[in-house]
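Engineer: Data file coords-v2.cif (mmCIF, C-alpha atoms and all ligand atoms) is appended below.
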```cif
data_run
loop_
_atom_site.label_atom_id
_atom_site.label_comp_id
_atom_site.auth_asym_id
_atom_site.auth_seq_id
_atom_site.Cartn_x
_atom_site.Cartn_y
_atom_site.Cartn_z
CA MET A 1152 21.93 7.57 16.55
CA GLU A 1153 19.63 10.48 17.42
CA ILE A 1154 18.94 11.29 21.03
CA ALA A 1155 15.53 9.79 21.82
CA ASP A 1156 12.68 12.23 22.04
CA LEU A 1157 9.71 10.15 23.02
CA SER A 1158 7.39 13.09 23.33
CA GLN A 1159 4.85 12.86 26.09
CA LYS A 1160 1.59 11.08 25.39
CA SER A 1161 3.01 9.56 22.21
CA PHE A 1162 1.06 6.38 22.99
CA LEU A 1163 -2.29 8.16 23.17
CA THR A 1164 -2.43 11.11 20.84
CA ASP A 1165 -0.09 13.73 19.59
CA LEU A 1166 0.33 16.66 21.91
CA THR A 1167 -2.18 19.44 21.34
CA GLU A 1168 -0.92 22.79 20.08
CA ASN A 1169 -1.24 24.23 23.58
CA GLU A 1170 0.64 21.31 25.12
CA ILE A 1171 3.47 21.74 22.62
CA ILE A 1172 3.75 25.41 23.57
CA ILE A 1173 3.86 24.47 27.26
CA ARG A 1174 6.45 21.74 26.65
CA ASP A 1175 8.68 23.95 24.54
CA THR A 1176 8.45 26.88 26.96
CA ILE A 1177 9.40 24.82 29.99
CA ARG A 1178 12.04 22.87 28.04
CA ASP A 1179 13.67 26.07 26.86
CA PHE A 1180 13.50 27.58 30.36
CA ALA A 1181 15.09 24.48 31.92
CA GLU A 1182 17.93 24.34 29.40
CA LYS A 1183 18.80 28.03 29.72
CA ASN A 1184 18.08 28.78 33.36
CA ILE A 1185 18.42 25.53 35.28
CA ARG A 1186 20.97 23.30 33.54
CA PRO A 1187 23.97 25.66 33.97
CA PHE A 1188 23.50 25.78 37.76
CA ILE A 1189 22.48 22.20 38.61
CA MET A 1190 25.63 21.09 40.38
CA GLU A 1191 26.19 24.43 42.12
CA HIS A 1192 22.76 24.14 43.74
CA ASP A 1193 23.21 20.44 44.44
CA GLU A 1194 26.58 20.80 46.16
CA SER A 1195 25.57 23.80 48.26
CA GLN A 1196 21.98 22.59 48.91
CA LYS A 1197 21.00 26.09 47.90
CA PHE A 1198 17.33 26.53 47.14
CA PRO A 1199 17.14 28.22 43.72
CA VAL A 1200 14.88 31.14 44.68
CA GLU A 1201 15.31 33.05 41.41
CA ILE A 1202 14.54 30.02 39.26
CA ILE A 1203 11.38 29.28 41.21
CA LYS A 1204 10.26 32.94 41.13
CA ASN A 1205 10.78 33.04 37.37
CA LEU A 1206 8.76 29.85 36.99
CA GLY A 1207 6.02 31.73 38.85
CA LYS A 1208 6.20 34.57 36.33
CA LEU A 1209 5.70 32.04 33.53
CA GLY A 1210 2.59 30.66 35.25
CA PHE A 1211 4.10 27.35 36.35
CA LEU A 1212 3.37 27.82 40.06
CA GLY A 1213 -0.39 27.82 39.61
CA VAL A 1214 -0.79 25.24 36.89
CA LEU A 1215 -3.94 23.60 38.31
CA ILE A 1216 -5.58 26.75 39.68
CA PRO A 1217 -8.27 28.66 37.75
CA GLU A 1218 -7.38 32.02 36.24
CA GLU A 1219 -9.66 33.93 38.65
CA PHE A 1220 -7.14 33.11 41.40
CA GLY A 1221 -4.13 33.92 39.22
CA GLY A 1222 -3.52 30.36 38.04
CA ALA A 1223 -3.03 28.96 34.57
CA GLY A 1224 -6.30 27.01 34.66
CA LEU A 1225 -4.74 23.86 33.23
CA GLY A 1226 -5.14 20.19 34.13
CA TYR A 1227 -3.02 17.27 35.30
CA GLN A 1228 -1.93 16.35 31.78
CA GLU A 1229 -0.28 19.75 31.30
CA PHE A 1230 1.04 19.59 34.88
CA CYS A 1231 2.73 16.27 34.06
CA ILE A 1232 4.37 17.76 30.97
CA VAL A 1233 5.80 20.60 33.09
CA ILE A 1234 7.12 18.26 35.79
CA GLU A 1235 8.53 15.78 33.27
CA GLU A 1236 10.46 18.48 31.43
CA LEU A 1237 11.88 19.94 34.65
CA ALA A 1238 12.86 16.51 36.00
CA LYS A 1239 14.70 15.66 32.79
CA VAL A 1240 17.09 18.47 33.69
CA ASP A 1241 16.91 18.83 37.49
CA PRO A 1242 14.62 16.61 39.59
CA SER A 1243 15.14 18.91 42.63
CA VAL A 1244 13.45 21.81 40.88
CA ALA A 1245 10.74 19.46 39.61
CA LEU A 1246 10.10 18.29 43.18
CA SER A 1247 9.70 21.87 44.42
CA VAL A 1248 7.31 22.76 41.62
CA ALA A 1249 5.36 19.51 42.07
CA ALA A 1250 4.98 20.03 45.83
CA HIS A 1251 4.09 23.73 45.59
CA ASN A 1252 1.44 23.19 42.92
CA GLY A 1253 0.12 19.77 43.80
CA LEU A 1254 0.14 19.81 47.59
CA CYS A 1255 -0.18 23.17 49.40
CA THR A 1256 -1.73 25.28 46.63
CA ASN A 1257 -4.03 22.54 45.41
CA HIS A 1258 -5.16 21.70 48.96
CA ILE A 1259 -6.23 25.32 49.56
CA TYR A 1260 -7.98 25.44 46.18
CA LEU A 1261 -9.81 22.14 46.67
CA PHE A 1262 -10.87 22.55 50.28
CA GLY A 1263 -10.54 26.24 51.16
CA ASN A 1264 -13.54 28.56 51.30
CA ASP A 1265 -13.79 31.64 49.07
CA LEU A 1266 -12.08 33.89 51.63
CA GLN A 1267 -9.17 31.47 52.04
CA ARG A 1268 -8.81 31.03 48.30
CA GLN A 1269 -8.82 34.81 47.75
CA LYS A 1270 -6.37 35.34 50.58
CA TYR A 1271 -3.74 32.75 49.66
CA LEU A 1272 -4.00 31.61 46.05
CA PRO A 1273 -2.97 34.78 44.14
CA ASP A 1274 0.33 34.98 46.06
CA LEU A 1275 0.96 31.25 45.69
CA THR A 1276 0.19 31.11 41.98
CA SER A 1277 2.40 34.12 41.22
CA GLY A 1278 5.28 32.80 43.28
CA ALA A 1279 5.19 35.81 45.63
CA LYS A 1280 4.86 33.14 48.32
CA LEU A 1281 5.84 29.48 48.33
CA GLY A 1282 3.73 26.79 49.90
CA ALA A 1283 4.55 23.83 52.17
CA TRP A 1284 2.35 20.88 53.10
CA GLY A 1285 2.77 18.98 56.32
CA LEU A 1286 1.39 15.53 56.93
CA THR A 1287 4.48 13.51 57.94
CA GLU A 1288 5.72 13.55 61.54
CA SER A 1289 8.77 11.98 63.15
CA SER A 1290 6.74 8.99 64.36
CA SER A 1291 4.17 8.82 61.54
CA GLY A 1292 5.16 8.53 57.89
CA SER A 1293 3.49 5.64 56.09
CA ASP A 1294 1.02 5.44 58.97
CA ALA A 1295 -0.10 9.00 58.29
CA ALA A 1296 -3.24 8.69 60.42
CA GLY A 1297 -0.97 8.05 63.44
CA LEU A 1298 0.08 11.70 63.57
CA LYS A 1299 0.24 13.36 67.00
CA SER A 1300 0.13 17.13 66.40
CA TYR A 1301 -2.84 18.37 68.39
CA ALA A 1302 -4.90 21.51 67.85
CA GLU A 1303 -7.13 22.35 70.81
CA ARG A 1304 -9.91 24.87 70.27
CA LYS A 1305 -9.74 27.81 72.71
CA GLY A 1306 -12.24 30.53 71.80
CA ASP A 1307 -11.31 32.10 68.45
CA TYR A 1308 -8.07 30.13 68.17
CA TYR A 1309 -6.76 26.61 68.03
CA ILE A 1310 -3.65 26.07 70.13
CA LEU A 1311 -1.45 23.79 68.04
CA ASN A 1312 1.35 21.69 69.51
CA GLY A 1313 3.57 19.11 67.81
CA GLY A 1314 5.70 19.14 64.70
CA LYS A 1315 6.22 17.97 61.16
CA THR A 1316 9.15 16.18 59.55
CA PHE A 1317 10.65 16.23 56.02
CA ILE A 1318 8.55 19.19 54.86
CA THR A 1319 9.32 20.45 51.36
CA HIS A 1320 9.60 24.28 51.51
CA GLY A 1321 9.60 24.18 55.31
CA THR A 1322 12.21 26.96 55.35
CA VAL A 1323 11.41 28.92 52.20
CA GLY A 1324 7.63 28.56 52.33
CA SER A 1325 5.49 31.38 53.74
CA VAL A 1326 2.24 29.41 53.81
CA ALA A 1327 1.82 25.86 55.10
CA VAL A 1328 -1.13 23.50 55.11
CA VAL A 1329 -0.80 21.16 58.09
CA MET A 1330 -2.84 18.26 59.37
CA ALA A 1331 -3.44 17.93 63.13
CA ILE A 1332 -5.75 16.12 65.51
CA THR A 1333 -8.72 18.12 66.78
CA ASP A 1334 -10.59 15.21 68.39
CA LYS A 1335 -8.47 12.47 69.95
CA SER A 1336 -11.43 10.09 70.30
CA LYS A 1337 -12.17 9.79 66.58
CA GLY A 1338 -9.02 8.34 65.02
CA LYS A 1339 -8.47 9.53 61.44
CA LYS A 1340 -11.90 11.22 61.53
CA GLY A 1341 -10.53 13.43 64.29
CA ILE A 1342 -7.85 14.94 62.03
CA SER A 1343 -8.32 18.45 60.59
CA ALA A 1344 -6.40 20.60 58.11
CA PHE A 1345 -5.24 24.17 58.77
CA VAL A 1346 -3.50 26.79 56.71
CA LEU A 1347 -0.67 28.44 58.65
CA GLU A 1348 1.39 31.51 57.91
CA LYS A 1349 5.04 32.02 58.69
CA GLY A 1350 5.31 34.42 61.61
CA MET A 1351 2.31 33.08 63.53
CA ASP A 1352 3.05 32.91 67.26
CA GLY A 1353 4.63 29.54 68.07
CA PHE A 1354 5.21 28.47 64.45
CA ILE A 1355 8.92 27.60 64.45
CA ILE A 1356 11.08 26.55 61.52
CA GLY A 1357 13.21 23.60 62.60
CA LYS A 1358 16.27 21.85 61.21
CA LYS A 1359 16.92 21.87 57.46
CA GLU A 1360 17.82 18.33 56.39
CA ASN A 1361 21.12 17.40 54.71
CA LYS A 1362 20.05 14.98 51.99
CA LEU A 1363 21.32 12.20 49.70
CA GLY A 1364 19.55 13.67 46.67
CA MET A 1365 17.05 16.35 45.65
CA ARG A 1366 19.47 18.59 47.48
CA ALA A 1367 18.36 21.89 45.99
CA SER A 1368 14.84 21.22 47.21
CA ASP A 1369 14.32 22.56 50.73
CA THR A 1370 13.35 19.87 53.29
CA THR A 1371 12.82 21.01 56.87
CA GLN A 1372 11.22 20.21 60.20
CA LEU A 1373 8.37 22.39 61.46
CA ILE A 1374 7.67 22.86 65.17
CA PHE A 1375 4.40 24.05 66.70
CA ASP A 1376 4.86 25.36 70.23
CA ASN A 1377 1.51 26.62 71.50
CA CYS A 1378 1.03 28.01 68.00
CA LYS A 1379 -2.01 30.31 67.89
CA VAL A 1380 -4.03 29.40 64.81
CA PRO A 1381 -7.15 31.52 64.15
CA VAL A 1382 -10.33 29.46 63.68
CA GLU A 1383 -10.63 30.99 60.17
CA SER A 1384 -7.57 28.92 59.24
CA LEU A 1385 -9.46 25.62 59.38
CA LEU A 1386 -9.81 24.14 55.89
CA GLY A 1387 -13.26 22.66 55.40
CA ASN A 1388 -14.75 21.21 58.59
CA GLU A 1389 -13.18 19.64 61.63
CA GLY A 1390 -12.48 15.95 61.06
CA GLU A 1391 -12.07 16.21 57.28
CA GLY A 1392 -8.29 16.68 57.25
CA TYR A 1393 -7.23 13.08 56.70
CA GLU A 1394 -9.62 12.47 53.81
CA GLN A 1395 -8.62 15.83 52.29
CA ALA A 1396 -4.94 14.85 52.53
CA MET A 1397 -5.57 11.50 50.83
CA LYS A 1398 -7.37 13.27 47.95
CA VAL A 1399 -4.51 15.75 47.60
CA LEU A 1400 -2.00 12.88 47.57
CA GLU A 1401 -3.81 11.16 44.68
CA GLY A 1402 -2.93 14.12 42.46
CA GLY A 1403 0.49 14.45 44.07
CA ARG A 1404 1.33 10.85 43.20
CA ILE A 1405 0.59 11.51 39.53
CA SER A 1406 3.08 14.37 39.63
CA ILE A 1407 5.76 12.19 41.28
CA ALA A 1408 5.14 9.62 38.52
CA ALA A 1409 5.74 12.37 35.93
CA LEU A 1410 8.87 13.42 37.82
CA SER A 1411 10.13 9.83 37.72
CA ILE A 1412 9.50 9.61 33.97
CA GLY A 1413 11.38 12.86 33.33
CA LEU A 1414 14.29 11.63 35.44
CA ALA A 1415 14.35 8.28 33.58
CA GLN A 1416 14.23 10.10 30.24
CA GLY A 1417 17.16 12.25 31.38
CA CYS A 1418 19.07 9.03 32.14
CA LEU A 1419 18.25 7.57 28.71
CA ASP A 1420 19.20 10.75 26.85
CA ALA A 1421 22.51 11.00 28.73
CA SER A 1422 23.25 7.32 28.14
CA ILE A 1423 22.63 7.48 24.39
CA LYS A 1424 24.83 10.56 24.15
CA TYR A 1425 27.63 9.00 26.18
CA GLY A 1426 27.43 5.67 24.38
CA ASN A 1427 27.84 7.43 21.04
CA GLU A 1428 31.04 9.09 22.25
CA ARG A 1429 32.73 6.44 24.39
CA MET A 1430 35.07 4.13 22.44
CA GLN A 1431 36.18 0.71 23.73
CA PHE A 1432 37.65 -2.11 21.63
CA GLN A 1433 37.71 0.40 18.70
CA LYS A 1434 33.94 0.67 18.77
CA LYS A 1435 31.39 3.10 20.17
CA ILE A 1436 29.96 1.31 23.19
CA ASN A 1437 26.46 1.83 21.74
CA GLN A 1438 27.46 -0.74 19.11
CA PHE A 1439 27.57 -3.46 21.77
CA GLN A 1440 24.33 -5.37 22.03
CA ALA A 1441 24.60 -5.47 25.83
CA ILE A 1442 24.40 -1.67 25.89
CA GLN A 1443 21.67 -1.56 23.22
CA PHE A 1444 19.49 -3.92 25.27
CA LYS A 1445 19.80 -1.65 28.31
CA LEU A 1446 18.75 1.35 26.19
CA ALA A 1447 15.84 -0.58 24.69
CA ASP A 1448 14.60 -1.68 28.12
CA MET A 1449 14.86 1.86 29.46
CA ALA A 1450 12.88 3.25 26.50
CA VAL A 1451 10.11 0.63 26.78
CA ASN A 1452 9.78 1.13 30.53
CA ILE A 1453 9.60 4.90 30.14
CA GLU A 1454 6.89 4.59 27.51
CA ALA A 1455 4.90 2.15 29.67
CA ALA A 1456 5.22 4.50 32.65
CA ARG A 1457 3.95 7.35 30.48
CA MET A 1458 0.89 5.33 29.55
CA LEU A 1459 0.00 4.72 33.19
CA THR A 1460 0.76 8.28 34.21
CA TYR A 1461 -1.02 10.19 31.45
CA ARG A 1462 -3.98 7.83 31.75
CA ALA A 1463 -4.21 8.64 35.47
CA ALA A 1464 -3.84 12.35 34.64
CA ASN A 1465 -6.56 12.08 32.01
CA LEU A 1466 -8.92 10.34 34.44
CA LYS A 1467 -8.18 12.98 37.07
CA ASP A 1468 -8.88 15.79 34.60
CA ASN A 1469 -12.20 14.08 33.85
CA ARG A 1470 -13.01 13.88 37.57
CA LYS A 1471 -12.97 10.08 37.63
CA PRO A 1472 -11.71 8.08 40.65
CA VAL A 1473 -7.92 7.64 40.43
CA ARG A 1474 -6.76 6.26 43.77
CA LYS A 1475 -5.60 2.96 42.23
CA GLU A 1476 -4.44 4.48 38.94
CA ALA A 1477 -2.39 7.21 40.62
CA ALA A 1478 -0.77 4.67 42.95
CA ALA A 1479 -0.01 2.34 40.01
CA ALA A 1480 1.54 5.16 37.97
CA LYS A 1481 3.68 6.32 40.89
CA LEU A 1482 4.75 2.79 41.81
CA PHE A 1483 5.71 1.75 38.28
CA ALA A 1484 7.28 5.03 37.17
CA SER A 1485 9.40 5.42 40.30
CA GLU A 1486 10.66 1.84 40.15
CA ILE A 1487 11.57 1.97 36.44
CA ALA A 1488 13.28 5.31 37.07
CA GLU A 1489 15.37 3.74 39.82
CA LYS A 1490 16.37 0.96 37.41
CA ALA A 1491 17.05 3.45 34.61
CA SER A 1492 19.35 5.52 36.79
CA SER A 1493 21.28 2.43 37.83
CA GLU A 1494 21.66 1.25 34.22
CA ALA A 1495 22.67 4.76 33.16
CA VAL A 1496 25.50 4.78 35.70
CA GLN A 1497 26.50 1.29 34.50
CA ILE A 1498 26.60 2.47 30.88
CA HIS A 1499 28.85 5.35 31.94
CA GLY A 1500 31.19 2.95 33.76
CA GLY A 1501 33.52 4.76 36.16
CA TYR A 1502 32.48 8.12 34.72
CA GLY A 1503 28.95 7.46 35.98
CA PHE A 1504 30.39 7.59 39.47
CA ILE A 1505 31.84 11.04 38.90
CA LYS A 1506 29.97 14.28 39.44
CA ASP A 1507 30.93 15.65 36.00
CA PHE A 1508 28.22 13.50 34.44
CA PRO A 1509 24.49 14.04 35.08
CA VAL A 1510 23.69 10.40 35.77
CA GLU A 1511 25.57 10.54 39.10
CA LYS A 1512 22.98 13.03 40.37
CA PHE A 1513 20.02 11.20 38.82
CA TYR A 1514 21.17 8.07 40.69
CA ARG A 1515 20.97 9.96 44.01
CA ASP A 1516 17.83 11.97 43.27
CA VAL A 1517 15.76 9.00 42.13
CA LYS A 1518 15.57 7.39 45.56
CA LEU A 1519 13.08 10.02 46.70
CA CYS A 1520 10.66 8.84 44.00
CA THR A 1521 10.08 5.46 45.65
CA ILE A 1522 9.67 7.09 49.09
CA GLY A 1523 7.99 10.53 48.91
CA GLU A 1524 4.17 10.83 48.82
CA GLY A 1525 3.94 7.19 49.90
CA THR A 1526 6.58 4.49 49.55
CA SER A 1527 6.37 1.72 46.94
CA GLU A 1528 5.12 -0.59 49.68
CA ILE A 1529 2.29 1.82 50.50
CA GLN A 1530 1.37 2.15 46.79
CA ARG A 1531 1.06 -1.64 46.62
CA ILE A 1532 -1.16 -1.58 49.71
CA VAL A 1533 -3.38 1.12 48.13
CA ILE A 1534 -3.67 -0.88 44.90
CA ALA A 1535 -4.42 -4.14 46.71
CA LYS A 1536 -7.06 -2.49 48.90
CA GLU A 1537 -8.81 -1.17 45.79
CA LEU A 1538 -8.60 -4.58 44.10
CA LEU A 1539 -9.99 -6.34 47.14
CA SER A 1540 -12.48 -3.57 48.05
CA ILE A 1541 -10.94 -3.30 51.51
CA THR A 1542 -12.07 -0.19 53.36
CA ASP A 1543 -10.52 0.98 56.60
C1 LIG A 1601 12.94 14.77 50.38
C2 LIG A 1601 11.64 14.47 51.05
C3 LIG A 1601 10.59 15.38 50.92
C4 LIG A 1601 9.38 15.13 51.58
N1 LIG A 1601 8.38 16.09 51.52
C5 LIG A 1601 7.27 15.93 52.30
C6 LIG A 1601 6.31 16.98 52.40
O1 LIG A 1601 6.43 18.04 51.76
N2 LIG A 1601 5.25 16.79 53.22
C7 LIG A 1601 5.06 15.65 53.94
O2 LIG A 1601 4.07 15.55 54.66
N3 LIG A 1601 5.97 14.63 53.88
C8 LIG A 1601 7.07 14.75 53.08
N4 LIG A 1601 8.02 13.75 53.02
C9 LIG A 1601 7.80 12.54 53.82
C10 LIG A 1601 7.51 11.28 53.02
O3 LIG A 1601 6.21 11.33 52.49
C11 LIG A 1601 7.73 10.09 53.96
O4 LIG A 1601 9.13 9.99 54.15
C12 LIG A 1601 7.17 8.79 53.43
O5 LIG A 1601 5.77 8.83 53.42
C13 LIG A 1601 7.65 7.57 54.24
O6 LIG A 1601 7.47 7.78 55.61
P1 LIG A 1601 8.71 7.49 56.61
O7 LIG A 1601 9.87 8.21 56.07
O8 LIG A 1601 8.26 7.83 57.98
O9 LIG A 1601 8.97 5.94 56.48
P2 LIG A 1601 8.24 4.79 57.32
O10 LIG A 1601 6.78 4.95 57.25
O11 LIG A 1601 8.85 4.68 58.65
O12 LIG A 1601 8.63 3.50 56.47
C14 LIG A 1601 9.86 2.81 56.62
C15 LIG A 1601 9.78 1.56 55.74
O13 LIG A 1601 8.73 0.68 56.21
C16 LIG A 1601 7.84 0.42 55.16
N5 LIG A 1601 6.49 0.26 55.69
C17 LIG A 1601 5.82 1.09 56.52
N6 LIG A 1601 4.57 0.63 56.75
C18 LIG A 1601 4.44 -0.51 56.02
C19 LIG A 1601 3.39 -1.45 55.83
N7 LIG A 1601 2.19 -1.31 56.42
N8 LIG A 1601 3.61 -2.52 55.03
C20 LIG A 1601 4.81 -2.67 54.41
N9 LIG A 1601 5.84 -1.80 54.54
C21 LIG A 1601 5.66 -0.74 55.34
C22 LIG A 1601 7.95 1.61 54.23
O14 LIG A 1601 7.47 1.29 52.93
C23 LIG A 1601 9.44 1.88 54.28
O15 LIG A 1601 10.12 0.99 53.43
C24 LIG A 1601 9.21 13.95 52.34
C25 LIG A 1601 10.25 13.02 52.42
C26 LIG A 1601 11.46 13.28 51.81
C27 LIG A 1601 12.59 12.29 51.97
#
```
Is it possible to give me this structure as structure tokens?
Ligand SMILES: Cc1cc2nc3c(=O)[nH]c(=O)nc-3n(C[C@H](O)[C@H](O)[C@H](O)COP(=O)(O)OP(=O)(O)OC[C@H]3O[C@@H](n4cnc5c(N)ncnc54)[C@H](O)[C@@H]3O)c2cc1C

Structural biologist:
Amino acid sequence: MEIADLSQKSFLTDLTENEIIIRDTIRDFAEKNIRPFIMEHDESQKFPVEIIKNLGKLGFLGVLIPEEFGGAGLGYQEFCIVIEELAKVDPSVALSVAAHNGLCTNHIYLFGNDLQRQKYLPDLTSGAKLGAWGLTESSSGSDAAGLKSYAERKGDYYILNGGKTFITHGTVGSVAVVMAITDKSKGKKGISAFVLEKGMDGFIIGKKENKLGMRASDTTQLIFDNCKVPVESLLGNEGEGYEQAMKVLEGGRISIAALSIGLAQGCLDASIKYGNERMQFQKKINQFQAIQFKLADMAVNIEAARMLTYRAANLKDNRKPVRKEAAAAKLFASEIAEKASSEAVQIHGGYGFIKDFPVEKFYRDVKLCTIGEGTSEIQRIVIAKELLSITD
């Protein structure tokens, strides 16, 4: 049996020539430059600086950003191909690339003014600087509008106090977009977004987290202790930060869906390979119908997740509303990926429990997919609110 290669978008159209070039470039890069070091980075929780810098040189750190700011000028469909291919090999690297492109860099592009775009985007798209994005706080995750960081205007500065939790690239990032309250009387309409630079007075890098999975991706607390933020660092207008963050997350959720698909595909590929080699009862285990059914279910779920995800990406590229579609793609893809990783370990038997086989790491990494950028429960709430036209 051949290893499955359900190429992206196979349900919709064939990949365009440009998409094939992108897929093959990133696939080749991942095989040669990431695969040999996966477990070294996982065990040591070492952020793979060189890999990420080299992805910048190839244009994969500014996928969604127009060429005038140093980006590749591509859309969400190409972005999904990149993230899927990376996640098939190492979901940690895919998470870093997804967060850098889709959260910090995209937020500055979407809501920054010309000066802010000129100042930050060329360094972010080239990989000279990495970006972080801070919404979550220790007491506000799902309830993102309940954040407490407070930025008080004092002349030409805001004085920012508070902190952020679980921030991807909190340690290695040099630029961070953070959401904070500027008007305590206005609820979510009193939240604003700022772009911060490492080295600003009172901007402190906190504890780096020791994680279950996605261990090569850097996850850190940020602390703001009377941090002096120049007024020019405000993104858009005061009070727009929460709505900006929700818009950014719509795109981010599509990328986490693509990450989940790549991870699930990695599980399927590894399972088919293993099942063709493992002999029990004088047969390859792939000859047992019980194993075949698991493989079939994994393949169908992956293809269904691709349909939801690339449809959401297509809508996004065509500037259509995607709040429900992005949530549905992320919800479905992350949950089928979780199931795929569990079945992949089962197919590997005891060897699936051992770090010599890639499914052991997929099984740990996948849990982030149902949590990050909104848990499965929150995706269901978003979908239901859209269905029932509930506004808050
Ligand atoms: C590796 C990693 C990287 C991350 N990177 C970033 C980042 O770069 N930037 C950033 O801002 N954040 C980041 N996060 C944070 C992530 O987005 C949050 O962890 C996530 O939104 C959940 O918030 P929480 O952890 O506070 O869980 P909680 O909100 O406390 O949720 C706990 C449980 O309660 C459930 N729950 C909560 N509210 C409801 C409700 N109304 N109805 C039903 N169930 C509910 C949740 O679904 C969950 O099961 C990252 C997290 C991780 C683990």

Engineer: Restrict the calculation to only C-alpha atoms, then for each residue of region 1324-1388 of chain A with any atom at most 12 Å from an atom of region 1199-1215 of chain A give the closest atom pair and their distance in Å to one decimal, rows by chain and rising residue number, as a tab-separated table.

Structural biologist:
```
residue	atom	partner	partner_atom	distance
A:Gly1324	CA	A:Val1200	CA	10.9
A:Arg1366	CA	A:Pro1199	CA	10.6
A:Ala1367	CA	A:Pro1199	CA	6.8
A:Ser1368	CA	A:Pro1199	CA	8.2
A:Asp1369	CA	A:Pro1199	CA	9.4
```

Engineer: With all atoms listed in the file counted, collect every polymer residue having an atom within 8 Å of ligand LIG 1601 (chain A); state the result as number ranges by chain.

Structural biologist: A: 1250, 1254, 1283-1295, 1315-1321, 1362, 1364-1365, 1368-1370, 1519, 1522-1529, 1532

Engineer: What separation in Å, quoted to one decimal, exists between CA of Ser1492 (chain A) and CA of Tyr1514 (chain A)?

Structural biologist: 5.0 Å

Engineer: Could you give me, as a list in words, the residues within 7 Å of region 1401-1410 of chain A, counting all atoms listed in the file and dropping anything in the same chain fewer than 3 positions from it?

Structural biologist: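 The residues that qualify are Cys1231, Ile1234, Glu1235, Ala1238, Pro1242, Ala1245, Ala1249, Gly1253, Leu1254, Met1397, Lys1398, Gly1413, Leu1414, Thr1460, Ala1463, Ala1464, Val1473, Arg1474, Ala1477, Ala1478, Ala1480, Lys1481, Ala1484, Ser1485, Cys1520 and Glu1524 of chain A.
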
Engineer: For each of A:Asp1265, A:Glu1170, A:Asp1241, A:Glu1303, take the minimum atom-to-atom distance to Tyr1227 (chain A), counting all atoms listed in the file, then give the residue where this is smallest.

Structural biologist: A:Glu1170

Engineer: Taking (-1.4, 25.5, 49.3) in the coordinates of the supplied file, I want to know which residues reach to within 8 Å of it, counting only C-alpha atoms; could you give the answer as an MDAnalysis selection string?

Structural biologist: chainID A and resid 1251:1252 1254:1260 1271:1272 1275 1282:1284 1326:1328 1346

Engineer: Just checking: using only C-alpha atoms, which residue out of A:Thr1371, A:Ser1325, A:Ser1540, A:Ser1384 ends up closest to Asp1274 (chain A)?

Structural biologist: A:Ser1325

Engineer: Please identify all polymer residues within 12 Å of Ser1336 (chain A), counting all atoms listed in the file, omitting same-chain residues fewer than 5 positions from it, and present them as a ChimeraX atom specification.

Structural biologist: /A:1341-1342,1390

Engineer: Within 12 Å of (21.5, 24.0, 36.4), only C-alpha atoms: residues as a PyMOL selection string?

Structural biologist: chain A and resi 1180-1194+1197-1199+1202+1237-1244+1367+1509+1512

Engineer: Here is a test: counting all atoms listed in the file, which residue of A:Ser1422, A:Gln1228, A:Thr1322, A:Ser1343 is nearest to Lys1299 (chain A)?

Structural biologist: A:Ser1343

Engineer: What separation in Å, quoted to one decimal, exists between CA of Ile1436 (chain A) and CA of Ala1491 (chain A)?

Structural biologist: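 CA of Ala1491 (chain A) lies at a distance of 17.4 Å from CA of Ile1436 (chain A).
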
Engineer: Which one is closest to Phe1354 (chain A): A:Ile1505, A:Ile1173, A:Leu1373, A:Ile1541? Count all atoms listed in the file.

Structural biologist: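 Using all atoms listed in the file, Phe1354 (chain A) sits closest to A:Leu1373.
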
Engineer: For the atom pair CA of Ile1216 (chain A) and CA of Arg1178 (chain A), what is the interatomic distance in Å to one decimal place?

Structural biologist: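 Distance between the two atoms: 21.5 Å.
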
Engineer: In terms of the shortest atom-to-atom distance over only C-alpha atoms, which of A:Ile1172, A:Leu1386, A:Ala1331, A:Ala1479 is closest to Glu1537 (chain A)?

Structural biologist: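 Nearest candidate to Glu1537 (chain A) out of A:Ile1172, A:Leu1386, A:Ala1331, A:Ala1479: A:Ala1479.
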
Engineer: Fewer than 2 positions away in the same chain doesn't count, so skip those; otherwise give me all residues within 10 Å of Leu1311 (chain A), counting all atoms listed in the file, as a count of residues only.

Structural biologist: 21
